[in-house]
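Engineer: Just one file: protein05.tsv, with TSV, N, CA, C and O atoms.
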```tsv
chain	number	residue	atom	x	y	z
A	1	MET	N	0.83	-1.18	0.00
A	1	MET	CA	0.00	0.00	0.00
A	1	MET	C	0.88	1.25	0.00
A	1	MET	O	1.82	1.35	0.77
A	2	ILE	N	0.55	2.19	-0.84
A	2	ILE	CA	1.32	3.42	-0.93
A	2	ILE	C	0.79	4.41	0.11
A	2	ILE	O	-0.41	4.68	0.16
A	3	GLU	N	1.70	4.94	0.92
A	3	GLU	CA	1.31	5.90	1.94
A	3	GLU	C	1.07	7.26	1.28
A	3	GLU	O	1.84	7.69	0.42
A	4	LYS	N	-0.02	7.92	1.68
A	4	LYS	CA	-0.34	9.23	1.13
A	4	LYS	C	0.66	10.26	1.65
A	4	LYS	O	1.13	10.16	2.77
A	5	ASP	N	0.95	11.24	0.83
A	5	ASP	CA	1.87	12.28	1.27
A	5	ASP	C	1.18	13.19	2.28
A	5	ASP	O	-0.05	13.19	2.43
A	6	LEU	N	1.98	13.96	2.99
A	6	LEU	CA	1.50	14.80	4.08
A	6	LEU	C	0.44	15.80	3.61
A	6	LEU	O	-0.59	15.97	4.26
A	7	ASP	N	0.66	16.44	2.48
A	7	ASP	CA	-0.30	17.43	1.99
A	7	ASP	C	-1.66	16.81	1.69
A	7	ASP	O	-2.70	17.41	1.97
A	8	THR	N	-1.66	15.61	1.13
A	8	THR	CA	-2.91	14.91	0.83
A	8	THR	C	-3.64	14.56	2.12
A	8	THR	O	-4.85	14.78	2.25
A	9	ARG	N	-2.90	14.01	3.09
A	9	ARG	CA	-3.52	13.66	4.37
A	9	ARG	C	-4.05	14.89	5.09
A	9	ARG	O	-5.11	14.85	5.70
A	10	PHE	N	-3.31	16.01	5.00
A	10	PHE	CA	-3.75	17.25	5.62
A	10	PHE	C	-5.03	17.75	4.96
A	10	PHE	O	-5.99	18.12	5.64
A	11	LYS	N	-5.06	17.75	3.65
A	11	LYS	CA	-6.25	18.21	2.92
A	11	LYS	C	-7.47	17.36	3.29
A	11	LYS	O	-8.56	17.88	3.50
A	12	GLU	N	-7.29	16.05	3.40
A	12	GLU	CA	-8.39	15.17	3.79
A	12	GLU	C	-8.86	15.47	5.21
A	12	GLU	O	-10.07	15.48	5.49
A	13	ALA	N	-7.92	15.73	6.11
A	13	ALA	CA	-8.28	16.07	7.50
A	13	ALA	C	-9.05	17.39	7.55
A	13	ALA	O	-10.01	17.52	8.32
A	14	VAL	N	-8.65	18.36	6.76
A	14	VAL	CA	-9.35	19.65	6.71
A	14	VAL	C	-10.78	19.45	6.20
A	14	VAL	O	-11.73	20.05	6.73
A	15	GLU	N	-10.95	18.60	5.21
A	15	GLU	CA	-12.29	18.33	4.68
A	15	GLU	C	-13.17	17.68	5.75
A	15	GLU	O	-14.34	18.03	5.90
A	16	ILE	N	-12.60	16.75	6.49
A	16	ILE	CA	-13.35	16.09	7.57
A	16	ILE	C	-13.73	17.12	8.63
A	16	ILE	O	-14.87	17.16	9.09
A	17	ALA	N	-12.79	17.97	9.01
A	17	ALA	CA	-13.04	18.98	10.03
A	17	ALA	C	-14.12	19.96	9.58
A	17	ALA	O	-14.94	20.40	10.39
A	18	SER	N	-14.13	20.29	8.30
A	18	SER	CA	-15.11	21.27	7.81
A	18	SER	C	-16.53	20.72	7.88
A	18	SER	O	-17.49	21.49	7.89
A	19	GLU	N	-16.68	19.41	7.95
A	19	GLU	CA	-18.00	18.80	8.05
A	19	GLU	C	-18.46	18.65	9.49
A	19	GLU	O	-19.62	18.33	9.74
A	20	MET	N	-17.57	18.90	10.45
A	20	MET	CA	-17.92	18.80	11.86
A	20	MET	C	-18.59	20.11	12.30
A	20	MET	O	-18.26	21.17	11.81
A	21	THR	N	-19.53	19.98	13.22
A	21	THR	CA	-20.18	21.18	13.75
A	21	THR	C	-19.37	21.72	14.92
A	21	THR	O	-18.70	20.96	15.63
A	22	GLN	N	-19.46	23.01	15.14
A	22	GLN	CA	-18.76	23.61	16.27
A	22	GLN	C	-19.27	23.03	17.58
A	22	GLN	O	-18.50	22.85	18.52
A	23	ALA	N	-20.53	22.72	17.63
A	23	ALA	CA	-21.11	22.17	18.86
A	23	ALA	C	-20.55	20.80	19.19
A	23	ALA	O	-20.55	20.39	20.36
A	24	SER	N	-20.03	20.09	18.19
A	24	SER	CA	-19.52	18.74	18.43
A	24	SER	C	-18.07	18.74	18.94
A	24	SER	O	-17.57	17.70	19.34
A	25	LEU	N	-17.42	19.90	18.91
A	25	LEU	CA	-16.02	19.98	19.32
A	25	LEU	C	-15.86	20.93	20.51
A	25	LEU	O	-16.38	22.05	20.47
A	26	PRO	N	-15.12	20.52	21.53
A	26	PRO	CA	-14.84	21.45	22.63
A	26	PRO	C	-14.07	22.66	22.10
A	26	PRO	O	-13.33	22.57	21.12
A	27	GLN	N	-14.23	23.79	22.77
A	27	GLN	CA	-13.59	25.02	22.30
A	27	GLN	C	-12.07	24.91	22.26
A	27	GLN	O	-11.45	25.47	21.37
A	28	ASP	N	-11.47	24.19	23.22
A	28	ASP	CA	-10.01	24.08	23.19
A	28	ASP	C	-9.55	23.30	21.96
A	28	ASP	O	-8.52	23.63	21.37
A	29	VAL	N	-10.31	22.32	21.53
A	29	VAL	CA	-9.97	21.56	20.32
A	29	VAL	C	-10.14	22.45	19.10
A	29	VAL	O	-9.29	22.45	18.19
A	30	GLN	N	-11.21	23.25	19.07
A	30	GLN	CA	-11.41	24.18	17.96
A	30	GLN	C	-10.24	25.15	17.84
A	30	GLN	O	-9.75	25.41	16.74
A	31	LEU	N	-9.78	25.66	18.98
A	31	LEU	CA	-8.66	26.61	18.96
A	31	LEU	C	-7.37	25.95	18.49
A	31	LEU	O	-6.61	26.54	17.72
A	32	ARG	N	-7.13	24.71	18.94
A	32	ARG	CA	-5.92	24.01	18.49
A	32	ARG	C	-5.98	23.74	16.99
A	32	ARG	O	-4.98	23.92	16.29
A	33	LEU	N	-7.13	23.30	16.50
A	33	LEU	CA	-7.27	23.07	15.05
A	33	LEU	C	-7.04	24.36	14.28
A	33	LEU	O	-6.35	24.36	13.26
A	34	TYR	N	-7.61	25.44	14.77
A	34	TYR	CA	-7.42	26.74	14.13
A	34	TYR	C	-5.94	27.10	14.07
A	34	TYR	O	-5.42	27.48	13.01
A	35	ALA	N	-5.27	26.98	15.20
A	35	ALA	CA	-3.86	27.36	15.27
A	35	ALA	C	-3.00	26.50	14.35
A	35	ALA	O	-2.15	27.02	13.61
A	36	TYR	N	-3.20	25.19	14.39
A	36	TYR	CA	-2.41	24.31	13.52
A	36	TYR	C	-2.70	24.57	12.05
A	36	TYR	O	-1.80	24.55	11.22
A	37	TYR	N	-3.96	24.85	11.73
A	37	TYR	CA	-4.31	25.15	10.35
A	37	TYR	C	-3.60	26.42	9.88
A	37	TYR	O	-3.01	26.45	8.80
A	38	LYS	N	-3.67	27.46	10.69
A	38	LYS	CA	-3.03	28.72	10.33
A	38	LYS	C	-1.52	28.56	10.20
A	38	LYS	O	-0.90	29.08	9.27
A	39	GLN	N	-0.90	27.84	11.15
A	39	GLN	CA	0.54	27.65	11.10
A	39	GLN	C	0.92	26.84	9.86
A	39	GLN	O	1.93	27.12	9.21
A	40	ALA	N	0.09	25.86	9.51
A	40	ALA	CA	0.37	25.01	8.35
A	40	ALA	C	0.18	25.75	7.04
A	40	ALA	O	0.91	25.50	6.07
A	41	THR	N	-0.77	26.64	6.98
A	41	THR	CA	-1.10	27.28	5.71
A	41	THR	C	-0.51	28.67	5.53
A	41	THR	O	-0.27	29.09	4.40
A	42	ILE	N	-0.28	29.38	6.64
A	42	ILE	CA	0.24	30.75	6.54
A	42	ILE	C	1.65	30.87	7.10
A	42	ILE	O	2.48	31.58	6.57
A	43	GLY	N	1.92	30.14	8.17
A	43	GLY	CA	3.22	30.24	8.83
A	43	GLY	C	3.10	31.02	10.12
A	43	GLY	O	2.01	31.23	10.63
A	44	THR	N	4.20	31.48	10.61
A	44	THR	CA	4.23	32.18	11.89
A	44	THR	C	3.41	33.47	11.83
A	44	THR	O	3.48	34.22	10.86
A	45	LEU	N	2.65	33.70	12.88
A	45	LEU	CA	1.78	34.86	12.99
A	45	LEU	C	2.58	36.15	13.00
A	45	LEU	O	3.58	36.27	13.71
A	46	ASP	N	2.14	37.12	12.21
A	46	ASP	CA	2.73	38.45	12.20
A	46	ASP	C	1.75	39.38	12.88
A	46	ASP	O	0.71	39.72	12.31
A	47	LEU	N	2.05	39.78	14.11
A	47	LEU	CA	1.11	40.60	14.88
A	47	LEU	C	0.87	41.96	14.25
A	47	LEU	O	-0.12	42.61	14.56
A	48	LYS	N	1.72	42.40	13.37
A	48	LYS	CA	1.51	43.70	12.71
A	48	LYS	C	0.32	43.67	11.77
A	48	LYS	O	-0.23	44.70	11.42
A	49	GLN	N	-0.08	42.47	11.35
A	49	GLN	CA	-1.19	42.34	10.40
A	49	GLN	C	-2.55	42.61	11.05
A	49	GLN	O	-3.49	42.95	10.37
A	50	THR	N	-2.64	42.41	12.34
A	50	THR	CA	-3.93	42.53	13.02
A	50	THR	C	-3.95	43.80	13.85
A	50	THR	O	-3.14	43.98	14.74
A	51	SER	N	-4.89	44.68	13.55
A	51	SER	CA	-4.91	45.96	14.23
A	51	SER	C	-5.99	46.07	15.30
A	51	SER	O	-5.76	46.65	16.34
A	52	ASN	N	-7.17	45.53	15.07
A	52	ASN	CA	-8.21	45.61	16.10
A	52	ASN	C	-8.66	44.21	16.49
A	52	ASN	O	-8.85	43.36	15.65
A	53	TYR	N	-8.80	44.02	17.79
A	53	TYR	CA	-9.12	42.70	18.33
A	53	TYR	C	-10.52	42.65	18.90
A	53	TYR	O	-10.99	43.61	19.51
A	54	HIS	N	-11.11	41.53	18.74
A	54	HIS	CA	-12.29	41.17	19.49
A	54	HIS	C	-11.82	40.06	20.43
A	54	HIS	O	-10.77	39.45	20.19
A	55	LEU	N	-12.55	39.79	21.48
A	55	LEU	CA	-12.11	38.79	22.45
A	55	LEU	C	-11.87	37.43	21.78
A	55	LEU	O	-10.87	36.78	22.03
A	56	ARG	N	-12.78	37.04	20.89
A	56	ARG	CA	-12.62	35.76	20.19
A	56	ARG	C	-11.32	35.73	19.39
A	56	ARG	O	-10.60	34.74	19.36
A	57	ASP	N	-11.03	36.83	18.73
A	57	ASP	CA	-9.79	36.92	17.95
A	57	ASP	C	-8.57	36.81	18.85
A	57	ASP	O	-7.56	36.23	18.46
A	58	ALA	N	-8.65	37.35	20.04
A	58	ALA	CA	-7.52	37.28	20.98
A	58	ALA	C	-7.25	35.83	21.37
A	58	ALA	O	-6.09	35.41	21.43
A	59	PHE	N	-8.28	35.05	21.61
A	59	PHE	CA	-8.09	33.64	21.93
A	59	PHE	C	-7.48	32.89	20.75
A	59	PHE	O	-6.58	32.06	20.93
A	60	LYS	N	-7.96	33.19	19.56
A	60	LYS	CA	-7.43	32.53	18.37
A	60	LYS	C	-5.97	32.91	18.14
A	60	LYS	O	-5.13	32.06	17.85
A	61	THR	N	-5.67	34.19	18.30
A	61	THR	CA	-4.30	34.67	18.14
A	61	THR	C	-3.38	34.04	19.17
A	61	THR	O	-2.27	33.60	18.84
A	62	ASN	N	-3.84	33.94	20.39
A	62	ASN	CA	-3.03	33.33	21.45
A	62	ASN	C	-2.74	31.86	21.14
A	62	ASN	O	-1.61	31.39	21.31
A	63	ALA	N	-3.75	31.14	20.68
A	63	ALA	CA	-3.55	29.72	20.33
A	63	ALA	C	-2.52	29.59	19.22
A	63	ALA	O	-1.65	28.71	19.26
A	64	TRP	N	-2.58	30.46	18.24
A	64	TRP	CA	-1.65	30.43	17.12
A	64	TRP	C	-0.24	30.79	17.59
A	64	TRP	O	0.74	30.15	17.21
A	65	MET	N	-0.13	31.80	18.43
A	65	MET	CA	1.18	32.22	18.93
A	65	MET	C	1.86	31.10	19.72
A	65	MET	O	3.08	30.94	19.66
A	66	GLN	N	1.08	30.33	20.46
A	66	GLN	CA	1.64	29.26	21.28
A	66	GLN	C	2.33	28.18	20.47
A	66	GLN	O	3.22	27.49	20.98
A	67	ILE	N	1.95	28.03	19.22
A	67	ILE	CA	2.56	26.98	18.39
A	67	ILE	C	3.41	27.56	17.27
A	67	ILE	O	3.80	26.85	16.35
A	68	SER	N	3.72	28.83	17.35
A	68	SER	CA	4.44	29.50	16.26
A	68	SER	C	5.88	29.02	16.09
A	68	SER	O	6.51	29.35	15.10
A	69	ASN	N	6.36	28.20	17.01
A	69	ASN	CA	7.73	27.70	16.91
A	69	ASN	C	7.84	26.40	16.11
A	69	ASN	O	8.94	25.91	15.89
A	70	ILE	N	6.70	25.87	15.65
A	70	ILE	CA	6.77	24.61	14.89
A	70	ILE	C	6.69	24.90	13.40
A	70	ILE	O	6.23	25.95	12.97
A	71	THR	N	7.12	23.94	12.60
A	71	THR	CA	7.11	24.10	11.15
A	71	THR	C	5.71	23.84	10.60
A	71	THR	O	4.84	23.28	11.29
A	72	ALA	N	5.50	24.20	9.36
A	72	ALA	CA	4.23	23.95	8.70
A	72	ALA	C	3.94	22.45	8.65
A	72	ALA	O	2.80	22.03	8.88
A	73	ASP	N	4.95	21.65	8.37
A	73	ASP	CA	4.74	20.19	8.32
A	73	ASP	C	4.37	19.63	9.69
A	73	ASP	O	3.51	18.75	9.80
A	74	GLU	N	5.01	20.14	10.75
A	74	GLU	CA	4.65	19.69	12.09
A	74	GLU	C	3.22	20.08	12.42
A	74	GLU	O	2.48	19.30	13.04
A	75	ALA	N	2.81	21.27	12.01
A	75	ALA	CA	1.44	21.72	12.25
A	75	ALA	C	0.44	20.82	11.51
A	75	ALA	O	-0.60	20.47	12.05
A	76	LYS	N	0.78	20.46	10.29
A	76	LYS	CA	-0.09	19.55	9.52
A	76	LYS	C	-0.23	18.22	10.23
A	76	LYS	O	-1.34	17.67	10.35
A	77	GLU	N	0.89	17.68	10.71
A	77	GLU	CA	0.86	16.39	11.42
A	77	GLU	C	0.00	16.47	12.67
A	77	GLU	O	-0.80	15.57	12.95
A	78	GLN	N	0.13	17.55	13.42
A	78	GLN	CA	-0.66	17.72	14.65
A	78	GLN	C	-2.15	17.85	14.32
A	78	GLN	O	-3.00	17.29	15.01
A	79	TYR	N	-2.46	18.58	13.28
A	79	TYR	CA	-3.84	18.75	12.84
A	79	TYR	C	-4.43	17.38	12.49
A	79	TYR	O	-5.53	17.03	12.93
A	80	ILE	N	-3.70	16.61	11.70
A	80	ILE	CA	-4.16	15.27	11.29
A	80	ILE	C	-4.36	14.39	12.52
A	80	ILE	O	-5.35	13.66	12.61
A	81	GLU	N	-3.44	14.46	13.47
A	81	GLU	CA	-3.55	13.66	14.70
A	81	GLU	C	-4.83	13.98	15.46
A	81	GLU	O	-5.50	13.08	15.97
A	82	ILE	N	-5.13	15.26	15.60
A	82	ILE	CA	-6.34	15.66	16.33
A	82	ILE	C	-7.58	15.11	15.62
A	82	ILE	O	-8.47	14.53	16.26
A	83	ILE	N	-7.65	15.27	14.32
A	83	ILE	CA	-8.81	14.78	13.56
A	83	ILE	C	-8.93	13.27	13.70
A	83	ILE	O	-10.02	12.73	13.94
A	84	ASN	N	-7.81	12.56	13.57
A	84	ASN	CA	-7.85	11.10	13.70
A	84	ASN	C	-8.29	10.67	15.09
A	84	ASN	O	-9.05	9.71	15.24
A	85	SER	N	-7.85	11.38	16.13
A	85	SER	CA	-8.26	11.01	17.49
A	85	SER	C	-9.75	11.27	17.71
A	85	SER	O	-10.42	10.52	18.41
A	86	ILE	N	-10.29	12.30	17.08
A	86	ILE	CA	-11.73	12.58	17.18
A	86	ILE	C	-12.53	11.48	16.48
A	86	ILE	O	-13.55	11.02	16.98
A	87	LEU	N	-12.04	11.05	15.33
A	87	LEU	CA	-12.74	10.02	14.56
A	87	LEU	C	-12.75	8.67	15.29
A	87	LEU	O	-13.68	7.88	15.11
A	88	LYS	N	-11.75	8.41	16.10
A	88	LYS	CA	-11.67	7.15	16.82
A	88	LYS	C	-12.65	7.06	17.97
A	88	LYS	O	-12.96	5.97	18.45
A	89	LYS	N	-13.15	8.22	18.41
A	89	LYS	CA	-14.08	8.23	19.57
A	89	LYS	C	-15.44	7.76	19.19
A	89	LYS	O	-15.93	7.78	18.16
```
Write the structure described by the file as structure tokens, please.

Structural biologist:
Amino acid sequence: MIEKDLDTRFKEAVEIASEMTQASLPQDVQLRLYAYYKQATIGTLDLKQTSNYHLRDAFKTNAWMQISNITADEAKEQYIEIINSILKK
């Protein structure tokens, strides 16, 4: 069996996550998924880009900042792991 590459597995995990409802996921899991997604797709957060905050945005920004030291590939792997652990439940 040929193992799928990281980008393919990440894209599949994002598709699965997009079908999940917010009510089905705890807020801390939602924030981690958000942060890993942003790190994987955009890279390290640039605080100069965001000028006005709402409380929700502050939580999202904080979650992203906490993982800003990992690579995009590591973020993809973590995102996939979270989705796979949710599916196993």

Engineer: What's the separation between CA of Ala40 (chain A) and CA of Leu6 (chain A), in Å to one decimal place?

Structural biologist: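 Taking CA of Ala40 (chain A) as the start and CA of Leu6 (chain A) as the end point, the length is 11.1 Å.
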
Engineer: Residues of chain A classed as alpha helix (DSSP H) by DSSP on the backbone are to be reported as a PyMOL selection string.

Structural biologist: chain A and resi 6-18+27-41+55-66+72-88

Engineer: When you draw a straight line from atom C of Trp64 (chain A) to atom O of Lys89 (chain A), how long is it in Å?

Structural biologist: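 Between these atoms lies a distance of 27.9 Å.
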
Engineer: Which is closer to Phe10 (chain A) than all the others in A:Thr61, A:Ala75, A:Leu87, A:Gln30, using all atoms listed in the file?

Structural biologist: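 Using all atoms listed in the file, Phe10 (chain A) sits closest to A:Ala75.
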
Engineer: Would you mind reading off the distance between CA of Glu81 (chain A) and atom C of Asp46 (chain A), one decimal, in Å?

Structural biologist: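 The value is 26.3 Å.
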
Engineer: What lies within 8 Å of Leu31 (chain A) using all atoms listed in the file, ignoring chain neighbours under 2 positions off, as an mmCIF file with N, CA, C and O atoms, in the frame of the given file?

Structural biologist:
```
data_model
loop_
_atom_site.group_PDB
_atom_site.id
_atom_site.type_symbol
_atom_site.label_atom_id
_atom_site.label_comp_id
_atom_site.auth_asym_id
_atom_site.auth_seq_id
_atom_site.Cartn_x
_atom_site.Cartn_y
_atom_site.Cartn_z
ATOM 1 N N LEU A 25 -17.420 19.900 18.910
ATOM 2 C CA LEU A 25 -16.020 19.980 19.320
ATOM 3 C C LEU A 25 -15.860 20.930 20.510
ATOM 4 O O LEU A 25 -16.380 22.050 20.470
ATOM 5 N N PRO A 26 -15.120 20.520 21.530
ATOM 6 C CA PRO A 26 -14.840 21.450 22.630
ATOM 7 C C PRO A 26 -14.070 22.660 22.100
ATOM 8 O O PRO A 26 -13.330 22.570 21.120
ATOM 9 N N GLN A 27 -14.230 23.790 22.770
ATOM 10 C CA GLN A 27 -13.590 25.020 22.300
ATOM 11 C C GLN A 27 -12.070 24.910 22.260
ATOM 12 O O GLN A 27 -11.450 25.470 21.370
ATOM 13 N N ASP A 28 -11.470 24.190 23.220
ATOM 14 C CA ASP A 28 -10.010 24.080 23.190
ATOM 15 C C ASP A 28 -9.550 23.300 21.960
ATOM 16 O O ASP A 28 -8.520 23.630 21.370
ATOM 17 N N VAL A 29 -10.310 22.320 21.530
ATOM 18 C CA VAL A 29 -9.970 21.560 20.320
ATOM 19 C C VAL A 29 -10.140 22.450 19.100
ATOM 20 O O VAL A 29 -9.290 22.450 18.190
ATOM 21 N N LEU A 33 -7.130 23.300 16.500
ATOM 22 C CA LEU A 33 -7.270 23.070 15.050
ATOM 23 C C LEU A 33 -7.040 24.360 14.280
ATOM 24 O O LEU A 33 -6.350 24.360 13.260
ATOM 25 N N TYR A 34 -7.610 25.440 14.770
ATOM 26 C CA TYR A 34 -7.420 26.740 14.130
ATOM 27 C C TYR A 34 -5.940 27.100 14.070
ATOM 28 O O TYR A 34 -5.420 27.480 13.010
ATOM 29 N N ALA A 35 -5.270 26.980 15.200
ATOM 30 C CA ALA A 35 -3.860 27.360 15.270
ATOM 31 C C ALA A 35 -3.000 26.500 14.350
ATOM 32 O O ALA A 35 -2.150 27.020 13.610
ATOM 33 N N TYR A 36 -3.200 25.190 14.390
ATOM 34 C CA TYR A 36 -2.410 24.310 13.520
ATOM 35 C C TYR A 36 -2.700 24.570 12.050
ATOM 36 O O TYR A 36 -1.800 24.550 11.220
ATOM 37 N N TYR A 37 -3.960 24.850 11.730
ATOM 38 C CA TYR A 37 -4.310 25.150 10.350
ATOM 39 C C TYR A 37 -3.600 26.420 9.880
ATOM 40 O O TYR A 37 -3.010 26.450 8.800
ATOM 41 N N LYS A 38 -3.670 27.460 10.690
ATOM 42 C CA LYS A 38 -3.030 28.720 10.330
ATOM 43 C C LYS A 38 -1.520 28.560 10.200
ATOM 44 O O LYS A 38 -0.900 29.080 9.270
ATOM 45 N N PHE A 59 -8.280 35.050 21.610
ATOM 46 C CA PHE A 59 -8.090 33.640 21.930
ATOM 47 C C PHE A 59 -7.480 32.890 20.750
ATOM 48 O O PHE A 59 -6.580 32.060 20.930
ATOM 49 N N LYS A 60 -7.960 33.190 19.560
ATOM 50 C CA LYS A 60 -7.430 32.530 18.370
ATOM 51 C C LYS A 60 -5.970 32.910 18.140
ATOM 52 O O LYS A 60 -5.130 32.060 17.850
ATOM 53 N N THR A 61 -5.670 34.190 18.300
ATOM 54 C CA THR A 61 -4.300 34.670 18.140
ATOM 55 C C THR A 61 -3.380 34.040 19.170
ATOM 56 O O THR A 61 -2.270 33.600 18.840
ATOM 57 N N ASN A 62 -3.840 33.940 20.390
ATOM 58 C CA ASN A 62 -3.030 33.330 21.450
ATOM 59 C C ASN A 62 -2.740 31.860 21.140
ATOM 60 O O ASN A 62 -1.610 31.390 21.310
ATOM 61 N N ALA A 63 -3.750 31.140 20.680
ATOM 62 C CA ALA A 63 -3.550 29.720 20.330
ATOM 63 C C ALA A 63 -2.520 29.590 19.220
ATOM 64 O O ALA A 63 -1.650 28.710 19.260
ATOM 65 N N TRP A 64 -2.580 30.460 18.240
ATOM 66 C CA TRP A 64 -1.650 30.430 17.120
ATOM 67 C C TRP A 64 -0.240 30.790 17.590
ATOM 68 O O TRP A 64 0.740 30.150 17.210
#
```

Engineer: Can you tell me which residues surround Lys11 (chain A) at a distance of at most 12 Å, considering only C-alpha atoms, apart from same-chain residues fewer than 6 positions away, and format the answer as a list of chain:residue names?

Structural biologist: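 Once the adjacent positions are removed, what remains is A:Lys4, A:Asp5, A:Ala17, A:Ser18, A:Tyr37, A:Ala40, A:Thr41, A:Lys76, A:Glu77, A:Tyr79, A:Ile80, A:Ile83.
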
Engineer: Residues near Ser68 (chain A), anyone? I mean within 8 Å using only C-alpha atoms, not counting same-chain ones fewer than 4 positions away, as a list in words.

Structural biologist: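 Skipping anything fewer than 4 positions along the chain leaves Gln39, Gly43, Thr44, Leu45 and Trp64 of chain A.
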
Engineer: Once you have the residues from the selection above, write them out as a PDB file, in the frame of the given file, restricted to N, CA, C and O atoms.

Structural biologist:
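New file again-v9.pdb:
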```pdb
ATOM      1  N   GLN A  39      -0.900  27.840  11.150  1.00  0.00           N
ATOM      2  CA  GLN A  39       0.540  27.650  11.100  1.00  0.00           C
ATOM      3  C   GLN A  39       0.920  26.840   9.860  1.00  0.00           C
ATOM      4  O   GLN A  39       1.930  27.120   9.210  1.00  0.00           O
ATOM      5  N   GLY A  43       1.920  30.140   8.170  1.00  0.00           N
ATOM      6  CA  GLY A  43       3.220  30.240   8.830  1.00  0.00           C
ATOM      7  C   GLY A  43       3.100  31.020  10.120  1.00  0.00           C
ATOM      8  O   GLY A  43       2.010  31.230  10.630  1.00  0.00           O
ATOM      9  N   THR A  44       4.200  31.480  10.610  1.00  0.00           N
ATOM     10  CA  THR A  44       4.230  32.180  11.890  1.00  0.00           C
ATOM     11  C   THR A  44       3.410  33.470  11.830  1.00  0.00           C
ATOM     12  O   THR A  44       3.480  34.220  10.860  1.00  0.00           O
ATOM     13  N   LEU A  45       2.650  33.700  12.880  1.00  0.00           N
ATOM     14  CA  LEU A  45       1.780  34.860  12.990  1.00  0.00           C
ATOM     15  C   LEU A  45       2.580  36.150  13.000  1.00  0.00           C
ATOM     16  O   LEU A  45       3.580  36.270  13.710  1.00  0.00           O
ATOM     17  N   TRP A  64      -2.580  30.460  18.240  1.00  0.00           N
ATOM     18  CA  TRP A  64      -1.650  30.430  17.120  1.00  0.00           C
ATOM     19  C   TRP A  64      -0.240  30.790  17.590  1.00  0.00           C
ATOM     20  O   TRP A  64       0.740  30.150  17.210  1.00  0.00           O
TER      21      TRP A  64
END
```
